[in-house]
Each structure stands twice: as structure tokens, then as C-alpha cells.
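Undergrad: Pasting start_27.cif here (mmCIF, C-alpha atoms):
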data_protein
#
loop_
_atom_site.label_atom_id
_atom_site.label_comp_id
_atom_site.auth_asym_id
_atom_site.auth_seq_id
_atom_site.Cartn_x
_atom_site.Cartn_y
_atom_site.Cartn_z
CA MET W 98 0.00 0.00 0.00
CA ASP W 99 1.57 3.30 -1.10
CA THR W 100 1.75 6.52 0.93
CA SER W 101 -1.08 8.25 -0.94
CA THR W 102 -3.43 5.34 -0.22
CA VAL W 103 -2.54 5.42 3.48
CA LYS W 104 -3.18 9.19 3.63
CA LYS W 105 -6.54 8.66 1.94
CA TYR W 106 -7.72 6.39 4.74
CA ILE W 107 -6.39 8.45 7.68
CA PRO W 108 -9.69 10.39 8.06
CA PHE W 109 -11.55 7.09 8.33
CA ILE W 110 -9.37 6.17 11.29
CA VAL W 111 -9.62 9.62 12.89
CA MET W 112 -13.43 9.75 12.84
CA PRO W 113 -14.11 6.65 14.98
CA ALA W 114 -11.12 7.64 17.14
CA PHE W 115 -12.94 10.91 17.89
CA LEU W 116 -15.97 8.91 19.00
CA VAL W 117 -13.87 6.83 21.41
CA ILE W 118 -12.18 9.98 22.77
CA VAL W 119 -15.58 11.58 23.43
CA GLU W 120 -16.84 8.43 25.15
CA LEU W 121 -13.75 8.13 27.36
CA GLY W 122 -13.86 11.84 28.13
CA ALA W 123 -17.55 11.62 29.04
CA LEU W 124 -16.84 8.69 31.37
CA ALA W 125 -14.00 10.63 33.01
CA LEU W 126 -16.21 13.69 33.48
CA SER W 127 -19.17 11.75 34.87
CA LEU W 128 -17.83 11.71 38.44
CA PRO W 129 -17.10 15.48 38.66
CA VAL W 130 -20.41 16.18 36.92
CA GLN W 131 -22.23 14.12 39.56
CA ALA W 132 -20.21 15.73 42.34
CA ALA W 133 -21.17 19.18 41.03
CA GLY W 134 -24.85 18.18 41.05
CA LEU W 135 -25.30 18.88 37.35
CA SER W 136 -28.39 17.17 35.97
CA ALA W 137 -30.62 17.78 32.98
CA PHE W 138 -33.64 15.96 34.46
CA GLN W 139 -34.98 15.53 37.98
CA ASP W 140 -36.05 11.90 37.56
CA PRO W 141 -33.46 9.91 35.55
CA GLU W 142 -35.80 6.94 35.11
CA SER W 143 -38.80 8.85 33.69
CA VAL W 144 -39.68 7.72 30.16
CA ALA W 145 -41.07 11.20 29.56
CA ASN W 146 -37.52 12.59 29.47
CA PRO W 147 -36.72 11.47 25.89
CA PHE W 148 -39.87 13.19 24.61
CA ILE W 149 -38.98 16.38 26.48
CA PHE W 150 -35.51 16.19 24.90
CA LEU W 151 -37.05 15.68 21.44
CA ALA W 152 -39.46 18.59 21.89
CA ILE W 153 -36.59 20.92 22.82
CA LEU W 154 -34.52 19.65 19.87
CA LEU W 155 -37.39 20.15 17.40
CA GLY W 156 -38.11 23.62 18.74
CA PHE W 157 -34.49 24.71 18.54
CA THR W 158 -34.08 23.21 15.04
CA ALA W 159 -37.25 24.93 13.80
CA PHE W 160 -36.03 28.24 15.25
CA LEU W 161 -32.68 27.97 13.45
CA LEU W 162 -34.33 26.96 10.17
CA VAL W 163 -36.58 30.04 10.32
CA LEU W 164 -33.53 32.23 10.90
CA ILE W 165 -31.74 30.60 7.95
CA LYS W 166 -34.78 31.08 5.70
CA TYR W 167 -34.95 34.79 6.48
CA GLY W 168 -31.20 35.32 6.25
CA ARG W 169 -30.66 36.15 9.92
CA LYS W 170 -27.21 34.60 10.02
CA ASN W 171 -25.83 37.01 12.59
CA LEU W 172 -28.59 36.06 14.99
CA ILE W 173 -27.85 32.36 14.41
CA ALA W 174 -24.21 32.96 15.29
CA TRP W 175 -25.22 34.72 18.52
CA VAL W 176 -27.71 32.03 19.53
CA ILE W 177 -25.22 29.21 18.96
CA GLY W 178 -22.41 31.21 20.53
CA ILE W 179 -24.39 31.82 23.73
CA SER W 180 -25.36 28.13 23.84
CA ILE W 181 -21.72 27.10 23.48
CA PHE W 182 -20.63 29.55 26.19
CA LEU W 183 -23.24 28.27 28.65
CA THR W 184 -22.29 24.66 27.90
CA PHE W 185 -18.61 25.37 28.51
CA GLY W 186 -19.68 27.06 31.72
CA TYR W 187 -21.36 23.88 32.96
CA ILE W 188 -18.39 21.74 31.93
CA PHE W 189 -15.84 23.95 33.68
CA ALA W 190 -18.17 24.16 36.70
CA ALA W 191 -17.58 20.42 37.08
CA MET W 192 -13.86 20.45 36.25
CA VAL W 193 -12.46 23.47 38.11
CA PRO W 194 -13.58 22.47 41.65
CA MET W 195 -11.59 19.23 41.22
CA VAL W 196 -8.41 21.34 41.12
CA MET W 197 -9.25 24.44 43.13
CA GLY W 198 -12.20 23.57 45.35
CA ALA W 199 -15.29 25.78 45.50
CA GLY W 200 -15.44 29.52 46.07
CA TYR W 201 -15.58 32.93 44.42
CA ALA W 202 -12.14 32.58 42.83
CA GLU W 203 -13.19 29.30 41.27
CA ILE W 204 -16.34 30.89 39.82
CA ALA W 205 -14.17 33.58 38.22
CA VAL W 206 -11.86 30.93 36.76
CA MET W 207 -14.83 28.94 35.38
CA ALA W 208 -16.27 32.05 33.71
CA ALA W 209 -12.87 33.06 32.32
CA LEU W 210 -12.27 29.60 30.83
CA ALA W 211 -15.76 29.50 29.28
CA VAL W 212 -15.26 32.95 27.75
CA ALA W 213 -11.77 32.09 26.48
CA ALA W 214 -12.90 28.83 24.88
CA THR W 215 -15.91 30.46 23.19
CA VAL W 216 -13.94 33.46 21.95
CA LEU W 217 -11.21 31.21 20.56
CA LEU W 218 -13.77 29.16 18.64
CA TYR W 219 -15.29 32.26 17.05
CA ARG W 220 -12.17 34.36 16.54
CA TYR W 221 -10.07 31.55 15.10
CA PRO W 222 -12.34 28.76 13.83
CA GLU W 223 -9.60 26.65 12.27
CA TRP W 224 -10.36 22.96 12.02
CA TYR W 225 -7.94 21.85 14.75
CA VAL W 226 -9.30 24.45 17.19
CA ILE W 227 -12.87 23.38 16.45
CA ASP W 228 -11.98 19.71 16.84
CA ALA W 229 -9.97 20.07 20.07
CA LEU W 230 -12.55 22.18 21.89
CA GLY W 231 -15.36 20.20 20.25
CA LEU W 232 -14.08 17.00 21.86
CA LEU W 233 -14.29 18.66 25.28
CA LEU W 234 -17.70 20.12 24.52
CA ALA W 235 -19.11 16.82 23.26
CA ALA W 236 -17.69 14.85 26.20
CA GLY W 237 -19.15 17.34 28.66
CA VAL W 238 -22.62 17.31 27.12
CA ALA W 239 -22.65 13.50 26.88
CA SER W 240 -21.59 13.25 30.51
CA ILE W 241 -24.29 15.62 31.77
CA PHE W 242 -27.07 13.82 29.90
CA GLY W 243 -25.60 10.40 30.68
CA VAL W 244 -25.78 10.94 34.44
CA SER W 245 -29.26 12.49 34.05
CA LEU W 246 -30.94 9.60 32.23
CA GLY W 247 -31.35 5.95 33.18
CA THR W 248 -30.58 3.31 30.57
CA VAL W 249 -34.21 2.66 29.56
CA PRO W 250 -34.96 6.35 28.82
CA VAL W 251 -31.61 6.63 26.99
CA ILE W 252 -32.33 3.64 24.77
CA LEU W 253 -35.77 5.08 24.00
CA LEU W 254 -34.10 8.42 23.21
CA LEU W 255 -31.56 6.78 20.89
CA VAL W 256 -34.30 4.95 18.97
CA ILE W 257 -36.38 8.14 18.59
CA LEU W 258 -33.39 10.21 17.47
CA ALA W 259 -32.25 7.57 14.98
CA VAL W 260 -35.67 7.65 13.31
CA TYR W 261 -35.74 11.46 13.41
CA ASP W 262 -32.24 11.68 11.91
CA ALA W 263 -33.14 9.36 9.03
CA ILE W 264 -36.30 11.35 8.24
CA SER W 265 -34.53 14.72 8.48
CA VAL W 266 -31.67 13.69 6.18
CA TYR W 267 -33.33 11.41 3.61
CA LYS W 268 -36.94 12.63 3.45
CA THR W 269 -37.44 16.24 4.59
CA LYS W 270 -33.70 17.03 4.14
CA HIS W 271 -34.02 19.90 6.61
CA MET W 272 -30.96 18.65 8.50
CA ILE W 273 -28.87 19.18 5.37
CA THR W 274 -30.22 22.73 5.09
CA LEU W 275 -29.38 23.33 8.74
CA ALA W 276 -25.87 21.88 8.40
CA GLU W 277 -25.13 23.99 5.33
CA GLY W 278 -26.31 27.13 7.12
CA VAL W 279 -24.07 26.35 10.08
CA ILE W 280 -21.10 25.59 7.82
CA ASP W 281 -21.53 28.81 5.85
CA LEU W 282 -21.19 30.69 9.13
CA LYS W 283 -18.21 28.53 10.13
CA THR W 284 -20.05 27.95 13.38
CA PRO W 285 -18.01 25.55 15.55
CA ILE W 286 -20.56 22.83 16.28
CA LEU W 287 -19.17 20.30 13.80
CA PHE W 288 -16.07 18.15 13.73
CA VAL W 289 -13.94 18.81 10.67
CA ILE W 290 -11.55 16.14 9.35
CA PRO W 291 -9.34 17.40 6.50
CA LYS W 292 -8.66 15.32 3.40
CA LYS W 293 -5.38 17.10 2.67
CA ARG W 294 -2.45 18.32 4.72
CA ASP W 295 -2.63 22.06 3.94
CA TYR W 296 -6.40 22.33 4.40
CA SER W 297 -7.84 25.41 6.14
CA PHE W 298 -11.44 25.53 7.28
CA ILE W 299 -11.24 29.32 7.58
CA ARG W 300 -10.17 29.74 3.94
CA GLU W 301 -11.98 26.88 2.23
CA GLY W 302 -14.94 25.69 4.28
CA ILE W 303 -16.04 22.30 2.95
CA GLY W 304 -18.40 23.09 0.07
CA LYS W 305 -22.10 22.33 -0.22
CA LEU W 306 -23.37 19.08 1.22
CA GLY W 307 -26.04 18.47 -1.36
CA ASP W 308 -24.15 19.06 -4.60
CA GLY W 309 -22.40 15.68 -4.68
CA GLY W 310 -19.07 17.26 -5.57
CA GLU W 311 -15.66 16.61 -4.07
CA ARG W 312 -15.14 18.35 -0.74
CA SER W 313 -11.93 19.27 1.04
CA ALA W 314 -12.92 17.78 4.39
CA PHE W 315 -15.30 15.39 6.05
CA ILE W 316 -17.64 16.67 8.74
CA ILE W 317 -19.27 14.96 11.69
CA VAL W 318 -22.25 16.58 13.33
CA MET W 319 -21.41 16.91 17.01
CA GLY W 320 -24.61 15.12 17.97
CA ASP W 321 -23.45 11.99 16.15
CA LEU W 322 -20.71 11.58 18.76
CA ILE W 323 -22.66 12.91 21.75
CA ILE W 324 -25.78 10.74 21.51
CA PRO W 325 -24.09 7.29 21.53
CA SER W 326 -21.80 8.50 24.32
CA VAL W 327 -24.84 9.31 26.48
CA LEU W 328 -25.69 5.59 26.62
CA VAL W 329 -22.06 4.73 27.44
CA VAL W 330 -22.16 7.03 30.48
CA SER W 331 -25.66 5.98 31.52
CA ALA W 332 -24.67 2.31 31.33
CA ASN W 333 -21.67 2.99 33.55
CA VAL W 334 -23.69 4.96 36.11
CA PHE W 335 -27.00 3.09 36.26
CA THR W 336 -26.11 -0.58 35.65
CA GLY W 337 -24.18 -2.89 37.93
CA GLY W 338 -21.15 -5.02 37.37
CA VAL W 339 -17.46 -4.78 38.11
CA LYS W 340 -15.75 -1.52 37.13
CA TYR W 341 -12.72 -2.61 35.13
CA PHE W 342 -9.64 -0.51 35.84
CA GLY W 343 -11.98 1.33 38.20
CA PHE W 344 -13.34 3.11 35.12
CA PHE W 345 -16.04 1.26 33.13
CA ASN W 346 -18.29 -1.78 33.45
CA LEU W 347 -19.23 -4.35 30.82
CA PRO W 348 -22.42 -2.63 29.61
CA ALA W 349 -20.47 0.62 29.05
CA LEU W 350 -17.64 -1.24 27.31
CA GLY W 351 -20.15 -3.12 25.16
CA ALA W 352 -21.83 0.16 24.20
CA MET W 353 -18.45 1.62 23.21
CA ILE W 354 -17.52 -1.37 21.07
CA GLY W 355 -20.99 -1.38 19.49
CA SER W 356 -20.76 2.33 18.69
CA VAL W 357 -17.43 1.83 16.90
CA ALA W 358 -18.94 -1.08 14.93
CA GLY W 359 -21.88 1.19 14.02
CA PHE W 360 -19.41 3.85 12.93
CA ALA W 361 -17.72 1.33 10.62
CA VAL W 362 -21.09 0.70 8.97
CA LEU W 363 -21.66 4.46 8.67
CA LEU W 364 -18.25 4.99 7.04
CA HIS W 365 -19.12 2.41 4.39
CA PHE W 366 -21.99 4.66 3.29
CA VAL W 367 -19.99 7.87 3.77
CA MET W 368 -17.63 6.64 1.03
CA SER W 369 -20.43 7.39 -1.45
CA GLY W 370 -19.83 11.11 -0.89
CA ARG W 371 -23.50 11.84 -0.16
CA PRO W 372 -24.85 13.17 3.15
CA GLN W 373 -25.67 10.32 5.51
CA ALA W 374 -27.82 10.04 8.61
CA GLY W 375 -25.28 9.06 11.24
CA LEU W 376 -27.51 8.10 14.15
CA PRO W 377 -29.27 4.99 12.75
CA PRO W 378 -26.08 2.86 12.52
CA LEU W 379 -24.36 4.59 15.46
CA ASN W 380 -27.29 4.28 17.85
CA GLY W 381 -28.15 0.80 16.65
CA GLY W 382 -24.62 -0.46 17.23
CA THR W 383 -24.41 1.24 20.62
CA ILE W 384 -27.70 -0.28 21.82
CA ILE W 385 -26.76 -3.78 20.64
CA GLY W 386 -23.33 -3.51 22.26
CA PHE W 387 -24.88 -2.31 25.52
CA LEU W 388 -27.37 -5.19 25.58
CA ILE W 389 -24.60 -7.73 25.01
CA GLY W 390 -22.49 -6.18 27.77
CA TRP W 391 -25.48 -6.05 30.10
CA ALA W 392 -26.25 -9.73 29.42
CA LEU W 393 -22.62 -10.65 30.15
CA ILE W 394 -22.67 -9.09 33.64
CA GLY W 395 -24.01 -12.37 35.01
CA PHE W 396 -21.08 -14.26 33.50
CA ALA W 397 -18.30 -11.83 34.57
#
Starting from the file, give its structure as C-alpha cells.
TA:
Amino acid sequence: MDTSTVKKYIPFIVMPAFLVIVELGALALSLPVQAAGLSAFQDPESVANPFIFLAILLGFTAFLLVLIKYGRKNLIAWVIGISIFLTFGYIFAAMVPMVMGAGYAEIAVMAALAVAATVLLYRYPEWYVIDALGLLLAAGVASIFGVSLGTVPVILLLVILAVYDAISVYKTKHMITLAEGVIDLKTPILFVIPKKRDYSFIREGIGKLGDGGERSAFIIVMGDLIIPSVLVVSANVFTGGVKYFGFFNLPALGAMIGSVAGFAVLLHFVMSGRPQAGLPPLNGGTIIGFLIGWALIGFA
């Protein structure tokens, strides 16, 4: 295999590696997130939670699509920017007390870190900046939702979102419209994996998703890495079994392995060059892996 062939396949190694990094990061953050009392839902076991999540997602998506339709791109940037800042705030609220304890100085440090991370993303949205901070952002979000939802509500959520993702990409195609609007703004809520060494997201972007032409980089919607990772964290928090290396149990490990297998299936379709719904294979693989790991608890 020559060098050019190896380089061609590097992005296909990097993408599932990003998923594993997010999952491991979410597991690592789950303890400080719990210690900080961060929770998205009061009752983790309520099956109403996935429908509340979906309602919020649909409302936010509809709001952004309206803004895109009427050309309010500056407002979109502000809305997403504020959301990113608040999310970083929650993540650093869990991380900083581990190092400094709790107090007014720590609150100032949390705020300063959240501001710095958000400003860096918007002032210099190069692909490696987006990816590095995006890994932290995705791990933090997955951790917060993972400790907030029991495994049954999470599985229900993953099934609902897989169906929604397929409909929004293949039938209504509104997710493609949303992604293109976000990319045009160079808004940092996507992972960008370059196809060439001298690629610059700031200069080149990635091109239109729907035109079928050659693009300079692959993209992964941040949610495609967050949603499977939620089940990994939930499995580790809410199911029993031995914690291997003091870090993860069999259901969590099974979910991780299943998610990577699902990603392999997704990459097979990504090779076509057309936009793909990521959640059906990702969520499906993650759920199957979790169930296998959960079944094996009795044999461990």
C-alpha cells in the first residue's frame, strides 16, 4: 500500500477515534459532573424525558431553520455562541472544583475559561481548534445527559433520534439545510476532518453538502458523537457489574464497542460522498453492544 493510499484512509481512522475519545472523556467527566450536582432531568428513570428532549430539539431546530430562511445569520451565530458559552460554563463548573475547590475565585476561573474557549472558537475557527474544543464540549454534554438519564430512557431516546435523523436527512432534508447554514457561518458545532495536509477551514470551508461534488474535508455533526456517548455514560452509572480498571463496566464497554462497529457501517456509506444520517447505525450499534455487555454481567 503506497503513501497516498494510506493518507486517503487516515480520516476514516480519525473519525471513529474521535468517538472513542468523546466516550472516554464523558466517562472521566461523569464523576465530577455528579459531584457538582449537574443534571438535565430531575427523575433519571422517567420515560417522559426522551420526549422532552425531542421537543426541545425540534423547537431549537425549527427556530434555526426560520432564521436561515430569512437570512438572519448574525442572529444564528449569537444564539449558537451563547449556547456554546453556557455549555462550557457547565463543563468547567464540574472540572475546576476538582483542582481548586469551590469559592468565588473558582467561579471567576470557570467564567474566564468559558469565555476564552468560546472566543477562541469564534475568533479563530480553524479545524484543529474546532476539533480540540469540540471533543471537550461533546464529552461534557454527553456526561451531563448520561448521568441524568437511566438506561431505559436513553435507549428510547436513541431509537427516537435515529428515526428522526433518518427522516430529516433522507426525506425532509431539513438537517442538510441546517448543516449547510451552520457551515456557511463557520459555526463551531461540527467536527472537521481534513482530506489534505494544507487544508484550512477558515479559507476553504467544505463546500455544499447536497451538490455531490468533491469536498476538502469530512464533517461529523457533534450530535453523532454525543448521543451514543450518552448511553455509554448511563450504562456505567446506572447498571451494575465490576468496574474494570476502576473506570467502566461491561455494559459501558459493550456500548463503546458497538458504537465503533456502528461507525464502521456508517463509514461504508460515507464513502459514497453523499450526506448520511449518522444516528441509525451509530445508535443501533451502541444499543446492541450495551445489551450484550449487560447480558454478560451475570457471566463476569
Undergrad: Given the choices W:Gly320, W:Pro377, W:Pro113, W:Pro129, which gets closest to Val260 in chain W if the distance is worked out from all atoms listed in the file?
TA: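 Using all atoms listed in the file, Val260 in chain W sits closest to W:Pro377.
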Undergrad: What are the closest atom pairs, with distances in Å to one decimal, for all residues of range 205-301 of chain W lying within 9 Å of range 322-333 of chain W? Consider only C-alpha atoms, order rows by chain and residue number, and present the result as CSV.
TA:
residue,atom,partner,partner_atom,distance
W:Ala235,CA,W:Ile323,CA,5.5
W:Ala236,CA,W:Ile323,CA,6.9
W:Gly237,CA,W:Ile323,CA,8.9
W:Val238,CA,W:Ile323,CA,6.9
W:Ala239,CA,W:Val327,CA,4.7
W:Ser240,CA,W:Val330,CA,6.2
W:Ile241,CA,W:Val327,CA,8.3
W:Phe242,CA,W:Val327,CA,6.1
W:Gly243,CA,W:Val327,CA,4.4
W:Val244,CA,W:Ser331,CA,5.8
W:Ser245,CA,W:Ser331,CA,7.9
W:Leu246,CA,W:Ser331,CA,6.4
W:Gly247,CA,W:Ser331,CA,5.9
W:Thr248,CA,W:Ser331,CA,5.7
W:Val251,CA,W:Leu328,CA,6.0
W:Ile252,CA,W:Leu328,CA,7.2
W:Leu254,CA,W:Ile324,CA,8.8
W:Leu255,CA,W:Ile324,CA,7.0
W:Leu258,CA,W:Ile324,CA,8.6
Undergrad: Using only C-alpha atoms, which residues of range 154-192 of chain W come within 8 Å of range 210-226 of chain W, and what is the closest atom pair for each, with the distance in Å to one decimal? Give it as JSON lines, sorted by chain and residue number.
TA:
{"residue": "W:Gly178", "atom": "CA", "partner": "W:Thr215", "partner_atom": "CA", "distance": 7.1}
{"residue": "W:Ile181", "atom": "CA", "partner": "W:Thr215", "partner_atom": "CA", "distance": 6.7}
{"residue": "W:Phe182", "atom": "CA", "partner": "W:Thr215", "partner_atom": "CA", "distance": 5.7}
{"residue": "W:Leu183", "atom": "CA", "partner": "W:Ala211", "partner_atom": "CA", "distance": 7.6}
{"residue": "W:Phe185", "atom": "CA", "partner": "W:Ala211", "partner_atom": "CA", "distance": 5.1}
{"residue": "W:Gly186", "atom": "CA", "partner": "W:Ala211", "partner_atom": "CA", "distance": 5.2}
{"residue": "W:Phe189", "atom": "CA", "partner": "W:Ala211", "partner_atom": "CA", "distance": 7.1}
Undergrad: Between W:Val339, W:Ala358, W:Val266, W:Val111, which residue has the minimum interatomic distance to Leu393 in chain W, considering all atoms listed in the file?
TA: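 Result for the nearest residue to Leu393 in chain W: W:Val339.
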Undergrad: Starting from the displayed file, determine the output of the PyMOL selection byres ((chain W and resi 291) around 8) and express the residue list as an MDAnalysis selection string.
TA: chainID W and resid 108 224 289:290 292:294 296 313:315
Undergrad: Expanded to explicit residues, what is the PyMOL selection byres ((chain W and resi 265) around 12) for this file, as a PDB file with C-alpha atoms, in the frame of the given file?
TA:
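Contents of result.pdb, freshly written:
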ATOM      1  CA  LEU W 155     -37.390  20.150  17.400  1.00  0.00           C
ATOM      2  CA  THR W 158     -34.080  23.210  15.040  1.00  0.00           C
ATOM      3  CA  ALA W 159     -37.250  24.930  13.800  1.00  0.00           C
ATOM      4  CA  LEU W 258     -33.390  10.210  17.470  1.00  0.00           C
ATOM      5  CA  ALA W 259     -32.250   7.570  14.980  1.00  0.00           C
ATOM      6  CA  VAL W 260     -35.670   7.650  13.310  1.00  0.00           C
ATOM      7  CA  TYR W 261     -35.740  11.460  13.410  1.00  0.00           C
ATOM      8  CA  ASP W 262     -32.240  11.680  11.910  1.00  0.00           C
ATOM      9  CA  ALA W 263     -33.140   9.360   9.030  1.00  0.00           C
ATOM     10  CA  ILE W 264     -36.300  11.350   8.240  1.00  0.00           C
ATOM     11  CA  VAL W 266     -31.670  13.690   6.180  1.00  0.00           C
ATOM     12  CA  TYR W 267     -33.330  11.410   3.610  1.00  0.00           C
ATOM     13  CA  LYS W 268     -36.940  12.630   3.450  1.00  0.00           C
ATOM     14  CA  THR W 269     -37.440  16.240   4.590  1.00  0.00           C
ATOM     15  CA  LYS W 270     -33.700  17.030   4.140  1.00  0.00           C
ATOM     16  CA  HIS W 271     -34.020  19.900   6.610  1.00  0.00           C
ATOM     17  CA  MET W 272     -30.960  18.650   8.500  1.00  0.00           C
ATOM     18  CA  ILE W 273     -28.870  19.180   5.370  1.00  0.00           C
ATOM     19  CA  THR W 274     -30.220  22.730   5.090  1.00  0.00           C
ATOM     20  CA  LEU W 275     -29.380  23.330   8.740  1.00  0.00           C
ATOM     21  CA  ALA W 276     -25.870  21.880   8.400  1.00  0.00           C
ATOM     22  CA  PRO W 372     -24.850  13.170   3.150  1.00  0.00           C
ATOM     23  CA  GLN W 373     -25.670  10.320   5.510  1.00  0.00           C
ATOM     24  CA  ALA W 374     -27.820  10.040   8.610  1.00  0.00           C
ATOM     25  CA  GLY W 375     -25.280   9.060  11.240  1.00  0.00           C
ATOM     26  CA  LEU W 376     -27.510   8.100  14.150  1.00  0.00           C
ATOM     27  CA  PRO W 377     -29.270   4.990  12.750  1.00  0.00           C
TER      28      PRO W 377
END
Undergrad: Range 212-236 of chain W from the block above, N, CA and C atoms, as a compact mmCIF listing (two decimals), in the first residue's frame, please?
TA:
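Okay, this is what ended up in part.txt:
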# COMPACT_ATOMS: atom_id res chain seq x y z
N VAL W 212 -15.39 31.83 28.68
CA VAL W 212 -15.26 32.95 27.75
C VAL W 212 -14.11 32.72 26.78
N ALA W 213 -12.96 32.29 27.32
CA ALA W 213 -11.77 32.09 26.48
C ALA W 213 -12.02 31.02 25.43
N ALA W 214 -12.64 29.91 25.82
CA ALA W 214 -12.90 28.83 24.88
C ALA W 214 -13.87 29.28 23.78
N THR W 215 -14.92 29.99 24.16
CA THR W 215 -15.91 30.46 23.19
C THR W 215 -15.32 31.49 22.24
N VAL W 216 -14.57 32.42 22.79
CA VAL W 216 -13.94 33.46 21.95
C VAL W 216 -12.95 32.83 20.97
N LEU W 217 -12.17 31.87 21.44
CA LEU W 217 -11.21 31.21 20.56
C LEU W 217 -11.91 30.51 19.41
N LEU W 218 -13.03 29.85 19.70
CA LEU W 218 -13.77 29.16 18.64
C LEU W 218 -14.28 30.13 17.58
N TYR W 219 -14.71 31.32 18.01
CA TYR W 219 -15.29 32.26 17.05
C TYR W 219 -14.27 33.17 16.40
N ARG W 220 -13.19 33.48 17.11
CA ARG W 220 -12.17 34.36 16.54
C ARG W 220 -11.21 33.62 15.63
N TYR W 221 -11.01 32.34 15.92
CA TYR W 221 -10.07 31.55 15.10
C TYR W 221 -10.64 30.16 14.87
N PRO W 222 -11.68 30.05 14.03
CA PRO W 222 -12.34 28.76 13.83
C PRO W 222 -11.60 27.87 12.84
N GLU W 223 -10.33 27.60 13.11
CA GLU W 223 -9.60 26.65 12.27
C GLU W 223 -9.99 25.25 12.69
N TRP W 224 -9.83 24.30 11.78
CA TRP W 224 -10.36 22.96 12.02
C TRP W 224 -9.80 22.30 13.28
N TYR W 225 -8.52 22.51 13.58
CA TYR W 225 -7.94 21.85 14.75
C TYR W 225 -8.41 22.50 16.06
N VAL W 226 -8.73 23.79 16.03
CA VAL W 226 -9.30 24.45 17.19
C VAL W 226 -10.72 23.94 17.43
N ILE W 227 -11.49 23.88 16.36
CA ILE W 227 -12.87 23.38 16.45
C ILE W 227 -12.88 21.94 16.97
N ASP W 228 -11.99 21.11 16.44
CA ASP W 228 -11.98 19.71 16.84
C ASP W 228 -11.54 19.53 18.29
N ALA W 229 -10.49 20.23 18.70
CA ALA W 229 -9.97 20.07 20.07
C ALA W 229 -11.00 20.50 21.11
N LEU W 230 -11.56 21.70 20.93
CA LEU W 230 -12.55 22.18 21.89
C LEU W 230 -13.88 21.43 21.72
N GLY W 231 -14.14 20.98 20.50
CA GLY W 231 -15.36 20.20 20.25
C GLY W 231 -15.35 18.87 20.99
N LEU W 232 -14.18 18.25 21.12
CA LEU W 232 -14.08 17.00 21.86
C LEU W 232 -14.44 17.22 23.33
N LEU W 233 -13.95 18.33 23.89
CA LEU W 233 -14.29 18.66 25.28
C LEU W 233 -15.77 18.97 25.41
N LEU W 234 -16.29 19.74 24.48
CA LEU W 234 -17.70 20.12 24.52
C LEU W 234 -18.60 18.89 24.41
N ALA W 235 -18.30 18.01 23.46
CA ALA W 235 -19.11 16.82 23.26
C ALA W 235 -19.04 15.89 24.47
N ALA W 236 -17.84 15.72 25.02
CA ALA W 236 -17.69 14.85 26.20
C ALA W 236 -18.47 15.41 27.38
